[in-house]
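Source file: work-v4.tsv (TSV, C-alpha atoms)
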```tsv
chain	number	residue	atom	x	y	z
A	363	MET	CA	76.89	162.57	99.39
A	364	ARG	CA	79.28	159.63	99.46
A	365	ARG	CA	80.50	160.73	102.86
A	366	TRP	CA	76.87	161.00	104.11
A	367	LEU	CA	76.12	157.49	102.87
A	368	ARG	CA	79.24	156.11	104.57
A	369	GLU	CA	78.59	157.86	107.88
A	370	ASN	CA	74.94	156.71	107.96
A	371	SER	CA	75.38	153.28	106.37
A	372	LEU	CA	74.30	151.34	109.47
A	373	THR	CA	70.93	153.11	109.70
A	374	LEU	CA	70.39	152.92	105.96
A	375	ALA	CA	71.15	149.19	105.87
A	376	PHE	CA	68.75	148.36	108.68
A	377	THR	CA	66.03	150.60	107.24
A	378	ALA	CA	66.33	148.77	103.93
A	379	LEU	CA	66.21	145.41	105.70
A	380	LEU	CA	63.14	146.51	107.67
A	381	LEU	CA	61.28	147.66	104.55
A	382	GLY	CA	62.23	144.49	102.67
A	383	ALA	CA	61.03	142.30	105.52
A	384	LEU	CA	57.76	144.26	105.80
A	385	VAL	CA	57.13	143.79	102.07
A	386	GLY	CA	57.84	140.07	102.45
A	387	GLN	CA	55.51	139.86	105.44
A	388	ALA	CA	52.75	141.72	103.59
A	389	LEU	CA	52.90	139.50	100.51
A	390	SER	CA	53.22	136.20	102.35
A	391	GLY	CA	50.60	137.25	104.91
A	392	GLN	CA	48.09	138.16	102.21
A	393	ALA	CA	48.74	134.83	100.43
A	394	PHE	CA	48.28	132.88	103.68
A	395	TYR	CA	45.07	134.74	104.58
A	396	ASN	CA	43.61	134.19	101.11
A	397	GLU	CA	44.56	130.52	101.13
A	398	SER	CA	42.53	130.02	104.34
A	399	ALA	CA	39.66	132.18	103.07
A	400	GLN	CA	39.37	130.24	99.81
A	401	ASP	CA	39.41	126.93	101.68
A	402	ALA	CA	36.49	128.17	103.81
A	403	GLY	CA	34.53	129.69	100.90
A	404	LEU	CA	35.01	133.18	102.38
A	405	PRO	CA	35.99	136.42	100.63
A	406	THR	CA	39.66	137.03	99.79
A	407	VAL	CA	41.47	140.36	100.25
A	408	THR	CA	43.49	142.61	97.93
A	409	LEU	CA	46.96	143.71	99.08
A	410	VAL	CA	45.65	147.15	100.08
A	411	GLU	CA	42.81	145.55	102.08
A	412	TYR	CA	45.32	143.25	103.79
A	413	LEU	CA	47.65	146.14	104.70
A	414	THR	CA	44.77	147.90	106.49
A	415	SER	CA	43.46	144.69	108.07
A	416	SER	CA	43.66	143.84	111.75
A	417	GLN	CA	45.40	140.58	110.81
A	418	PHE	CA	48.40	142.41	109.32
A	419	THR	CA	48.44	145.08	112.03
A	420	VAL	CA	48.49	142.61	114.93
A	421	ASP	CA	51.21	140.51	113.27
A	422	VAL	CA	53.43	143.62	112.96
A	423	ALA	CA	52.54	145.14	116.33
A	424	GLU	CA	53.14	141.99	118.38
A	425	ASN	CA	56.70	141.84	117.04
A	426	TRP	CA	57.40	145.55	117.46
A	427	GLN	CA	56.20	145.74	121.05
A	428	SER	CA	58.53	142.95	122.13
A	429	GLU	CA	61.51	144.52	120.36
A	430	TYR	CA	60.99	147.82	122.14
A	431	LEU	CA	60.42	146.05	125.47
A	432	GLN	CA	63.68	144.19	124.90
A	433	PHE	CA	65.58	147.42	124.31
A	434	LEU	CA	63.83	149.17	127.20
A	435	LEU	CA	64.80	146.44	129.65
A	436	TYR	CA	68.29	146.14	128.18
A	437	ILE	CA	68.89	149.88	128.49
A	438	LEU	CA	67.55	150.07	132.06
A	439	LEU	CA	68.90	146.84	133.55
A	440	THR	CA	72.44	147.47	132.28
A	441	VAL	CA	72.51	150.62	134.46
A	442	TRP	CA	72.58	148.51	137.61
A	443	LEU	CA	73.15	144.84	136.71
A	444	LEU	CA	76.54	143.45	135.74
A	445	GLN	CA	77.95	140.50	133.84
A	446	LYS	CA	81.61	139.78	134.39
A	447	GLY	CA	83.43	139.23	131.10
A	448	SER	CA	80.70	140.57	128.83
A	449	PRO	CA	81.14	143.61	126.58
A	450	GLU	CA	77.38	144.14	127.02
A	451	SER	CA	77.97	145.01	130.68
A	452	LYS	CA	79.53	148.09	132.25
A	453	PRO	CA	82.83	147.63	134.09
A	454	LEU	CA	82.26	145.98	137.47
A	455	ASP	CA	82.92	149.20	139.45
A	456	LYS	CA	80.52	151.35	137.43
A	457	ALA	CA	77.06	150.08	138.46
A	458	GLY	CA	74.41	152.77	138.87
A	459	ARG	CA	73.71	156.17	137.29
A	460	GLU	CA	77.37	157.27	137.69
A	461	SER	CA	78.74	160.69	138.62
A	462	ASP	CA	77.91	163.97	136.86
A	463	GLU	CA	81.56	164.19	135.88
A	464	ASP	CA	81.54	160.75	134.21
A	465	GLN	CA	78.25	161.60	132.50
A	466	LYS	CA	79.40	165.08	131.41
A	467	VAL	CA	76.33	166.93	132.68
A	468	GLY	CA	75.91	170.39	134.13
A	469	PRO	CA	79.27	172.06	134.80
A	470	HIS	CA	81.07	168.97	133.46
A	471	ALA	CA	79.51	169.30	129.99
A	472	GLU	CA	81.87	169.75	127.06
A	473	ALA	CA	81.81	172.09	124.07
A	474	GLY	CA	79.86	169.65	121.90
A	475	SER	CA	77.51	168.42	124.64
A	476	PRO	CA	73.76	168.63	123.93
A	477	ARG	CA	72.19	171.78	125.40
A	478	TRP	CA	69.87	169.90	127.74
A	479	ALA	CA	72.88	168.02	129.19
A	480	ARG	CA	74.39	171.36	130.19
A	481	VAL	CA	71.45	173.43	131.50
A	482	GLY	CA	70.60	171.36	134.60
A	483	GLY	CA	67.20	171.22	136.33
A	484	TRP	CA	64.27	169.23	134.95
A	485	ARG	CA	65.58	169.47	131.39
A	486	THR	CA	68.79	167.60	132.23
A	487	ALA	CA	66.88	165.13	134.41
A	488	LEU	CA	64.46	164.42	131.56
A	489	TYR	CA	67.16	164.24	128.91
A	490	SER	CA	69.16	161.86	131.13
A	491	ARG	CA	66.26	159.39	130.91
A	492	SER	CA	65.03	160.19	127.39
A	493	LEU	CA	66.21	156.97	125.74
A	494	GLY	CA	64.33	154.72	128.17
A	495	LEU	CA	61.28	156.98	128.13
A	496	VAL	CA	60.99	156.94	124.34
A	497	MET	CA	61.61	153.19	124.11
A	498	GLY	CA	59.00	152.65	126.82
A	499	THR	CA	56.49	154.89	125.08
A	500	ILE	CA	56.91	153.10	121.77
A	501	PHE	CA	56.64	149.75	123.58
A	502	LEU	CA	53.35	150.75	125.23
A	503	GLY	CA	52.03	152.21	121.97
A	504	SER	CA	52.78	149.09	119.94
A	505	TRP	CA	51.52	146.76	122.69
A	506	SER	CA	48.27	148.77	122.68
A	507	ALA	CA	48.12	148.42	118.90
A	508	GLN	CA	48.61	144.65	119.32
A	509	PHE	CA	45.73	144.59	121.81
A	510	VAL	CA	43.30	146.56	119.64
A	511	ALA	CA	44.15	144.85	116.36
A	512	GLY	CA	44.52	141.47	118.04
A	513	ARG	CA	40.97	141.64	119.39
A	514	SER	CA	39.63	142.54	115.95
A	515	ALA	CA	41.56	139.74	114.22
A	516	TYR	CA	40.57	137.22	116.92
A	517	ASN	CA	36.92	138.23	116.67
A	518	ALA	CA	36.96	137.86	112.88
A	519	ASP	CA	38.16	134.27	113.43
A	520	GLN	CA	35.47	133.78	116.07
A	521	LEU	CA	32.76	134.85	113.61
A	522	GLN	CA	34.12	132.55	110.91
A	523	ASP	CA	33.82	129.73	113.46
A	524	LEU	CA	30.23	130.84	114.30
A	525	GLN	CA	31.28	131.90	117.80
A	526	GLU	CA	30.53	135.01	119.87
A	527	PRO	CA	33.18	137.77	119.62
A	528	LEU	CA	34.97	138.99	122.78
A	529	GLY	CA	34.65	142.43	124.38
A	530	TRP	CA	37.65	144.47	125.51
A	531	THR	CA	37.97	142.94	129.00
A	532	GLY	CA	37.29	139.48	127.58
A	533	TYR	CA	40.18	139.83	125.12
A	534	LEU	CA	42.50	141.22	127.82
A	535	ALA	CA	42.08	137.89	129.63
A	536	ALA	CA	42.09	135.80	126.44
A	537	PRO	CA	44.80	133.18	125.81
A	538	ASP	CA	45.21	134.59	122.28
A	539	PHE	CA	46.47	137.97	123.60
A	540	TRP	CA	48.84	136.50	126.18
A	541	ASN	CA	50.07	133.70	123.94
A	542	ARG	CA	51.04	136.25	121.27
A	543	THR	CA	52.65	138.44	123.95
A	544	PHE	CA	54.67	135.74	125.71
A	545	GLN	CA	55.86	133.96	122.59
A	546	ASN	CA	57.38	137.24	121.41
A	547	TRP	CA	58.84	138.16	124.81
A	548	GLN	CA	60.64	134.85	125.30
A	549	SER	CA	62.59	135.21	122.07
A	550	GLU	CA	63.66	138.76	122.89
A	551	PHE	CA	64.95	137.84	126.32
A	552	LEU	CA	66.70	134.81	124.85
A	553	ALA	CA	68.43	137.03	122.28
A	554	VAL	CA	69.77	139.49	124.86
A	555	GLY	CA	70.77	136.74	127.26
A	556	SER	CA	72.57	134.88	124.48
A	557	MET	CA	74.41	138.01	123.41
A	558	VAL	CA	75.48	138.80	126.99
A	559	VAL	CA	76.89	135.32	127.55
A	560	LEU	CA	78.26	134.37	124.13
A	561	SER	CA	80.20	137.64	123.86
A	562	ILE	CA	82.14	136.70	126.99
A	563	TYR	CA	83.87	133.84	125.18
A	564	LEU	CA	83.42	134.48	121.44
A	565	ARG	CA	84.73	137.31	119.25
A	566	GLU	CA	83.86	139.13	116.03
A	567	ARG	CA	86.82	141.17	114.88
A	568	GLY	CA	85.95	144.78	114.12
A	569	SER	CA	82.48	144.78	115.65
A	570	PRO	CA	81.76	147.17	118.53
A	571	GLU	CA	79.44	144.45	119.85
A	572	SER	CA	82.46	142.21	120.48
A	573	LYS	CA	85.53	142.52	122.70
A	574	PRO	CA	88.86	142.85	120.87
A	575	VAL	CA	89.88	139.40	119.66
A	576	GLY	CA	92.79	139.22	122.10
A	577	SER	CA	90.84	140.39	125.18
A	578	SER	CA	90.70	138.03	128.12
A	579	HIS	CA	87.42	136.34	128.97
A	580	ASP	CA	87.40	138.30	132.25
A	581	ALA	CA	87.61	141.72	130.56
A	582	THR	CA	84.26	143.45	131.22
A	583	GLY	CA	82.69	146.39	129.44
A	584	VAL	CA	85.29	146.71	126.68
A	585	GLU	CA	84.41	146.85	123.00
A	586	GLY	CA	86.31	145.92	119.81
B	207	MET	CA	60.96	154.80	114.63
B	208	ALA	CA	58.40	156.72	116.70
B	209	TRP	CA	56.60	157.76	113.51
B	210	LEU	CA	56.43	154.12	112.41
B	211	ALA	CA	54.73	153.21	115.69
B	212	GLY	CA	52.32	156.10	115.18
B	213	GLY	CA	51.60	154.80	111.70
B	214	LEU	CA	50.86	151.41	113.20
B	215	LEU	CA	48.27	152.95	115.51
B	216	VAL	CA	46.67	154.71	112.52
B	217	LEU	CA	46.49	151.38	110.64
B	218	THR	CA	44.82	149.88	113.69
B	219	GLY	CA	42.16	152.53	113.50
B	220	CYS	CA	41.64	151.84	109.81
B	221	SER	CA	41.13	148.14	110.41
B	222	GLY	CA	37.75	147.74	108.71
B	223	GLN	CA	35.42	148.65	111.56
B	224	GLY	CA	33.72	151.69	110.02
B	225	ASN	CA	30.12	152.60	110.88
B	226	ALA	CA	29.29	152.42	107.14
B	227	GLU	CA	30.00	148.69	107.13
B	228	ASN	CA	27.93	148.23	110.32
B	229	ARG	CA	24.96	149.73	108.47
B	230	ASN	CA	25.59	147.64	105.33
B	231	ALA	CA	25.84	144.39	107.29
B	232	GLU	CA	22.70	145.25	109.25
B	233	ALA	CA	20.81	146.03	106.04
B	234	ALA	CA	21.84	142.71	104.46
B	235	ALA	CA	20.82	140.74	107.57
B	236	LEU	CA	17.43	142.48	107.76
B	237	ALA	CA	16.80	142.00	104.04
B	238	PHE	CA	17.58	138.30	104.38
B	239	VAL	CA	15.48	137.70	107.49
B	240	SER	CA	12.48	139.64	106.17
B	241	SER	CA	12.44	137.84	102.80
B	242	ALA	CA	13.52	134.28	103.73
B	243	ARG	CA	9.95	132.99	104.12
B	244	THR	CA	8.00	135.35	101.86
B	245	SER	CA	10.43	135.98	98.95
B	246	PRO	CA	12.95	133.12	99.12
B	247	THR	CA	14.39	133.90	95.67
B	248	SER	CA	15.65	137.27	96.93
B	249	ALA	CA	16.85	135.75	100.17
B	250	CYS	CA	18.72	132.98	98.34
B	251	ASP	CA	20.65	135.64	96.42
B	252	LEU	CA	21.82	137.01	99.77
B	253	LEU	CA	23.37	133.71	100.82
B	254	ALA	CA	27.16	133.24	100.55
B	255	PRO	CA	27.98	130.80	97.70
B	256	ASP	CA	29.19	127.97	99.96
B	257	THR	CA	26.23	128.38	102.31
B	258	ARG	CA	23.75	128.18	99.43
B	259	LYS	CA	25.58	125.17	98.01
B	260	GLU	CA	25.44	123.38	101.37
B	261	LEU	CA	21.72	124.15	101.82
B	262	GLU	CA	20.87	122.85	98.35
B	263	SER	CA	23.00	119.71	98.72
B	264	THR	CA	21.14	118.67	101.89
B	265	ASP	CA	17.63	120.09	101.48
B	266	GLY	CA	17.10	120.66	97.76
B	267	PRO	CA	16.59	123.89	95.73
B	268	CYS	CA	17.07	127.02	97.82
B	269	ASP	CA	13.71	128.59	96.85
B	270	SER	CA	11.83	125.72	98.46
B	271	SER	CA	14.16	124.67	101.28
B	272	LEU	CA	15.04	128.09	102.70
B	273	PRO	CA	11.55	128.99	104.04
B	274	GLN	CA	11.53	125.75	106.06
B	275	GLN	CA	14.89	126.44	107.70
B	276	ALA	CA	14.65	130.20	108.23
B	277	ALA	CA	13.71	131.83	111.53
B	278	GLU	CA	10.62	134.00	112.10
B	279	ARG	CA	10.30	137.00	109.81
B	280	ASP	CA	9.81	139.95	112.11
B	281	GLY	CA	13.03	140.65	113.90
B	282	THR	CA	14.40	143.92	115.21
B	283	VAL	CA	18.15	144.48	115.29
B	284	ARG	CA	19.64	144.47	118.77
B	285	GLU	CA	23.36	144.58	117.99
B	286	VAL	CA	25.73	144.63	115.02
B	287	GLN	CA	29.45	143.87	115.27
B	288	VAL	CA	31.81	144.05	112.31
B	289	TYR	CA	35.44	142.89	112.31
B	290	GLY	CA	37.09	143.40	108.91
B	291	LYS	CA	35.11	141.34	106.42
B	292	ASP	CA	33.14	139.38	109.04
B	293	ALA	CA	29.99	140.46	110.88
B	294	ILE	CA	27.43	139.19	113.36
B	295	VAL	CA	23.94	140.68	113.62
B	296	HIS	CA	21.84	139.87	116.68
B	297	LEU	CA	18.12	140.21	115.98
B	298	SER	CA	15.25	139.61	118.39
B	299	THR	CA	14.30	136.45	116.46
B	300	ASP	CA	17.63	135.26	115.04
B	301	THR	CA	21.41	135.62	114.95
B	302	VAL	CA	22.96	135.98	111.50
B	303	PHE	CA	26.63	135.70	110.48
B	304	LEU	CA	27.79	137.54	107.35
B	305	ALA	CA	30.91	138.05	105.24
B	306	ARG	CA	31.68	140.92	102.84
B	307	PHE	CA	32.26	139.64	99.30
B	308	LYS	CA	33.06	141.76	96.21
B	309	ASP	CA	29.35	142.29	95.54
B	310	GLY	CA	28.44	143.08	99.15
B	311	TRP	CA	27.52	141.43	102.43
B	312	ARG	CA	26.28	137.85	102.19
B	313	VAL	CA	24.84	135.59	104.86
B	314	THR	CA	27.21	132.77	105.80
B	315	ALA	CA	25.00	131.34	108.57
B	316	ALA	CA	21.47	132.01	109.87
B	317	ALA	CA	18.73	130.52	112.06
B	318	CYS	CA	21.39	130.29	114.77
B	319	THR	CA	20.89	129.32	118.40
B	320	PRO	CA	23.54	130.12	121.05
B	321	GLN	CA	25.24	127.17	122.77
B	322	GLY	CA	27.06	128.93	125.62
B	323	ASP	CA	30.81	128.90	124.94
B	324	ARG	CA	30.45	126.54	122.01
B	325	PRO	CA	29.80	127.65	118.40
B	326	TYR	CA	26.25	128.66	117.50
B	327	ASP	CA	24.03	125.87	116.24
B	328	CYS	CA	22.86	127.16	112.83
B	329	LYS	CA	20.27	125.51	110.59
B	330	ILE	CA	21.60	127.44	107.56
B	331	LYS	CA	25.40	127.41	107.19
B	332	GLY	CA	28.28	126.47	104.93
B	333	ASP	CA	30.33	123.30	105.06
```

What would the structure in this file look like if it were written as structure tokens?
Amino acid sequence: MRRWLRENSLTLAFTALLLGALVGQALSGQAFYNESAQDAGLPTVTLVEYLTSSQFTVDVAENWQSEYLQFLLYILLTVWLLQKGSPESKPLDKAGRESDEDQKVGPHAEAGSPRWARVGGWRTALYSRSLGLVMGTIFLGSWSAQFVAGRSAYNADQLQDLQEPLGWTGYLAAPDFWNRTFQNWQSEFLAVGSMVVLSIYLRERGSPESKPVGSSHDATGVEG
Amino acid sequence: MAWLAGGLLVLTGCSGQGNAENRNAEAAALAFVSSARTSPTSACDLLAPDTRKELESTDGPCDSSLPQQAAERDGTVREVQVYGKDAIVHLSTDTVFLARFKDGWRVTAAACTPQGDRPYDCKIKGD
């Protein structure tokens, strides 16, 4: 058990952080919603009502979709694009999908290689792109959830302001949808860009996200 | 993480847009419109607290002021839209805004005239 905890500590820590942050978001979001509702003489919501509300759902979904887009783009762009000196980049001579031998597929698979890496055909082709495909699917799913819940939350605000609600195509063109989308995207791209550049010159001893402390600034695609 | 995203989509579907609430909001709007001029006491009980308070502060007791502000009685429902605890009911003679309180749907604004892209101009509304 202790060994299992140690070998999975990274996942466990981030799962705990995620759940803690979701609880914090739920409680503070409910308080904020009820504060506005009371000021306007409108009905307040219980925690359960808030958790199933479009307001909570859109606030979660708009953040999730941008995280998965960030990872999708990061995973795909690092196949072909390079950054000299960054541990986030592949070595400068390794751009592209690389050889079957480097990627250990088909006849180059090893004893512990996943089965679909070994068998070839469509299974290996699909498995070779599975990370991007799943990230992309979750991105599209959560962006769709943002769209559906965002329209509902926006229309609730419209009604409270005695205004006409928007239909589906109306909300697709609405500043509310794109403002939520772009404000989340910009922070994700900033985060990746910062990491790519800062890790050229700065170090964090022991982290695989950093180069070894003594690596030169020119060393590319090495990790600590 | 894929199951979390799936859960998010389920939550989206649960986001307070059930047909039951459409019917409840419609019933409250119809009850209000049909009684505003003939049985104002009943209609006044269907007003949201702040809306009733605003009406009485400007026009006097609800029982006497409501019939003067309310739209024509006979209206058929053309469309109902519900988003969480907020609803709009378009009738042939009026547009009514409602909110769902603990004791049911209450009218937050009525006798409303559209103003294009601007908010509706409502004779009966809260502050």

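Across B:Pro246, B:Gly281, B:Gly290, B:Pro325, the tightest approach to Phe307 (chain B) is made by B:Gly290 when counting all atoms listed in the file.
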
Residue neighbourhood Val313 (chain B), 10 Å, only C-alpha atoms, exclusion window fewer than 2 positions, as a PyMOL selection string: chain B and resi 231+234-235+238-239+249-255+257-258+293-294+302-306+311+315-316+330-332

Give me the residues near Pro273 (chain B) as an MDAnalysis selection string, where near means some atom within 7 Å (using all atoms listed in the file) and where sequence neighbours in that chain fewer than 3 positions away do not count. chainID B and resid 242:243 246 270 276

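Straight-line separation from CA of Leu409 (chain A) to CA of Gln392 (chain A): 6.5 Å.
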
Interface, chain A side, toward chain B (6 Å; all atoms listed in the file) as a compact mmCIF listing (two decimals) with C-alpha atoms, in the frame of the given file:
```txt
# COMPACT_ATOMS: atom_id res chain seq x y z
CA GLY A 403 34.53 129.69 100.90
CA PRO A 405 35.99 136.42 100.63
CA THR A 414 44.77 147.90 106.49
CA SER A 415 43.46 144.69 108.07
CA SER A 416 43.66 143.84 111.75
CA ALA A 507 48.12 148.42 118.90
CA ALA A 511 44.15 144.85 116.36
CA SER A 514 39.63 142.54 115.95
CA ALA A 518 36.96 137.86 112.88
CA LEU A 524 30.23 130.84 114.30
CA GLN A 525 31.28 131.90 117.80
```

Atom pair CA of Pro453 (chain A) / CA of Thr373 (chain A): separation (Å): 27.7 Å

Skip region 393-397 of chain A itself and residues of its chain fewer than 2 positions away, then list as an mmCIF file with C-alpha atoms, in the frame of the given file all residues within 10 Å of it, counting all atoms listed in the file.
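Result written to result39.cif:
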```
data_model
loop_
_atom_site.group_PDB
_atom_site.id
_atom_site.type_symbol
_atom_site.label_atom_id
_atom_site.label_comp_id
_atom_site.auth_asym_id
_atom_site.auth_seq_id
_atom_site.Cartn_x
_atom_site.Cartn_y
_atom_site.Cartn_z
ATOM 1 C CA GLN A 387 55.510 139.860 105.440
ATOM 2 C CA ALA A 388 52.750 141.720 103.590
ATOM 3 C CA LEU A 389 52.900 139.500 100.510
ATOM 4 C CA SER A 390 53.220 136.200 102.350
ATOM 5 C CA GLY A 391 50.600 137.250 104.910
ATOM 6 C CA ALA A 399 39.660 132.180 103.070
ATOM 7 C CA GLN A 400 39.370 130.240 99.810
ATOM 8 C CA ASP A 401 39.410 126.930 101.680
ATOM 9 C CA ALA A 402 36.490 128.170 103.810
ATOM 10 C CA LEU A 404 35.010 133.180 102.380
ATOM 11 C CA PRO A 405 35.990 136.420 100.630
ATOM 12 C CA THR A 406 39.660 137.030 99.790
ATOM 13 C CA VAL A 407 41.470 140.360 100.250
ATOM 14 C CA THR A 408 43.490 142.610 97.930
ATOM 15 C CA LEU A 409 46.960 143.710 99.080
ATOM 16 C CA TYR A 412 45.320 143.250 103.790
ATOM 17 C CA GLN A 417 45.400 140.580 110.810
ATOM 18 C CA PHE A 418 48.400 142.410 109.320
#
```

Excluding region 486-493 of chain A and residues on its chain fewer than 6 positions from it, collect all residues at most 10 Å away from it, counting only C-alpha atoms, and give them as an MDAnalysis selection string. chainID A and resid 433:434 437:438 459 465 467:468 476:480 499

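Taking CA of Arg542 (chain A) and CA of Asp519 (chain A) as endpoints, the distance between them is 15.2 Å.
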
Starting from the block above, write region 250-316 of chain B out to a file with C-alpha atoms, as a PDB file, in the first residue's frame, please.
```pdb
ATOM      1  CA  CYS B 250     -51.121  40.144  -5.951  1.00  0.00           C
ATOM      2  CA  ASP B 251     -50.163  36.924  -4.159  1.00  0.00           C
ATOM      3  CA  LEU B 252     -48.477  35.808  -7.382  1.00  0.00           C
ATOM      4  CA  LEU B 253     -46.206  38.844  -7.489  1.00  0.00           C
ATOM      5  CA  ALA B 254     -42.553  38.516  -6.363  1.00  0.00           C
ATOM      6  CA  PRO B 255     -42.046  40.337  -3.024  1.00  0.00           C
ATOM      7  CA  ASP B 256     -39.897  43.153  -4.449  1.00  0.00           C
ATOM      8  CA  THR B 257     -42.241  43.654  -7.397  1.00  0.00           C
ATOM      9  CA  ARG B 258     -45.264  43.949  -5.107  1.00  0.00           C
ATOM     10  CA  LYS B 259     -43.360  46.327  -2.837  1.00  0.00           C
ATOM     11  CA  GLU B 260     -42.402  48.539  -5.785  1.00  0.00           C
ATOM     12  CA  LEU B 261     -45.983  48.592  -7.126  1.00  0.00           C
ATOM     13  CA  GLU B 262     -47.407  49.553  -3.736  1.00  0.00           C
ATOM     14  CA  SER B 263     -44.767  52.236  -3.106  1.00  0.00           C
ATOM     15  CA  THR B 264     -45.628  54.031  -6.358  1.00  0.00           C
ATOM     16  CA  ASP B 265     -49.319  53.297  -6.947  1.00  0.00           C
ATOM     17  CA  GLY B 266     -50.797  52.352  -3.576  1.00  0.00           C
ATOM     18  CA  PRO B 267     -52.293  49.047  -2.289  1.00  0.00           C
ATOM     19  CA  CYS B 268     -51.854  46.192  -4.754  1.00  0.00           C
ATOM     20  CA  ASP B 269     -55.561  45.208  -4.788  1.00  0.00           C
ATOM     21  CA  SER B 270     -56.507  48.581  -6.232  1.00  0.00           C
ATOM     22  CA  SER B 271     -53.435  49.512  -8.271  1.00  0.00           C
ATOM     23  CA  LEU B 272     -52.813  46.208 -10.056  1.00  0.00           C
ATOM     24  CA  PRO B 273     -55.984  46.204 -12.234  1.00  0.00           C
ATOM     25  CA  GLN B 274     -55.003  49.622 -13.612  1.00  0.00           C
ATOM     26  CA  GLN B 275     -51.506  48.508 -14.611  1.00  0.00           C
ATOM     27  CA  ALA B 276     -52.226  44.974 -15.829  1.00  0.00           C
ATOM     28  CA  ALA B 277     -52.602  44.014 -19.482  1.00  0.00           C
ATOM     29  CA  GLU B 278     -55.783  42.600 -21.057  1.00  0.00           C
ATOM     30  CA  ARG B 279     -57.127  39.447 -19.445  1.00  0.00           C
ATOM     31  CA  ASP B 280     -57.535  36.987 -22.270  1.00  0.00           C
ATOM     32  CA  GLY B 281     -54.134  35.906 -23.450  1.00  0.00           C
ATOM     33  CA  THR B 282     -53.051  32.631 -24.996  1.00  0.00           C
ATOM     34  CA  VAL B 283     -49.529  31.351 -24.386  1.00  0.00           C
ATOM     35  CA  ARG B 284     -47.276  31.531 -27.421  1.00  0.00           C
ATOM     36  CA  GLU B 285     -43.916  30.580 -25.916  1.00  0.00           C
ATOM     37  CA  VAL B 286     -42.363  29.668 -22.570  1.00  0.00           C
ATOM     38  CA  GLN B 287     -38.614  29.697 -21.909  1.00  0.00           C
ATOM     39  CA  VAL B 288     -37.080  28.662 -18.594  1.00  0.00           C
ATOM     40  CA  TYR B 289     -33.417  29.070 -17.638  1.00  0.00           C
ATOM     41  CA  GLY B 290     -32.729  27.787 -14.114  1.00  0.00           C
ATOM     42  CA  LYS B 291     -34.879  29.857 -11.767  1.00  0.00           C
ATOM     43  CA  ASP B 292     -35.820  32.489 -14.356  1.00  0.00           C
ATOM     44  CA  ALA B 293     -38.582  32.322 -16.971  1.00  0.00           C
ATOM     45  CA  ILE B 294     -40.231  34.392 -19.669  1.00  0.00           C
ATOM     46  CA  VAL B 295     -43.755  33.673 -20.912  1.00  0.00           C
ATOM     47  CA  HIS B 296     -44.915  35.284 -24.151  1.00  0.00           C
ATOM     48  CA  LEU B 297     -48.699  35.597 -24.311  1.00  0.00           C
ATOM     49  CA  SER B 298     -50.771  37.073 -27.124  1.00  0.00           C
ATOM     50  CA  THR B 299     -51.627  40.068 -24.911  1.00  0.00           C
ATOM     51  CA  ASP B 300     -48.582  40.371 -22.644  1.00  0.00           C
ATOM     52  CA  THR B 301     -45.040  39.259 -21.829  1.00  0.00           C
ATOM     53  CA  VAL B 302     -44.428  38.148 -18.253  1.00  0.00           C
ATOM     54  CA  PHE B 303     -41.118  37.548 -16.453  1.00  0.00           C
ATOM     55  CA  LEU B 304     -41.045  35.123 -13.522  1.00  0.00           C
ATOM     56  CA  ALA B 305     -38.640  33.719 -10.934  1.00  0.00           C
ATOM     57  CA  ARG B 306     -38.937  30.466  -8.959  1.00  0.00           C
ATOM     58  CA  PHE B 307     -39.021  31.117  -5.212  1.00  0.00           C
ATOM     59  CA  LYS B 308     -39.331  28.494  -2.440  1.00  0.00           C
ATOM     60  CA  ASP B 309     -43.128  28.625  -2.660  1.00  0.00           C
ATOM     61  CA  GLY B 310     -43.270  28.518  -6.464  1.00  0.00           C
ATOM     62  CA  TRP B 311     -43.105  30.738  -9.523  1.00  0.00           C
ATOM     63  CA  ARG B 312     -43.764  34.425  -8.928  1.00  0.00           C
ATOM     64  CA  VAL B 313     -44.146  37.270 -11.397  1.00  0.00           C
ATOM     65  CA  THR B 314     -41.191  39.662 -11.323  1.00  0.00           C
ATOM     66  CA  ALA B 315     -42.414  41.856 -14.195  1.00  0.00           C
ATOM     67  CA  ALA B 316     -45.595  42.079 -16.300  1.00  0.00           C
TER      68      ALA B 316
END
```
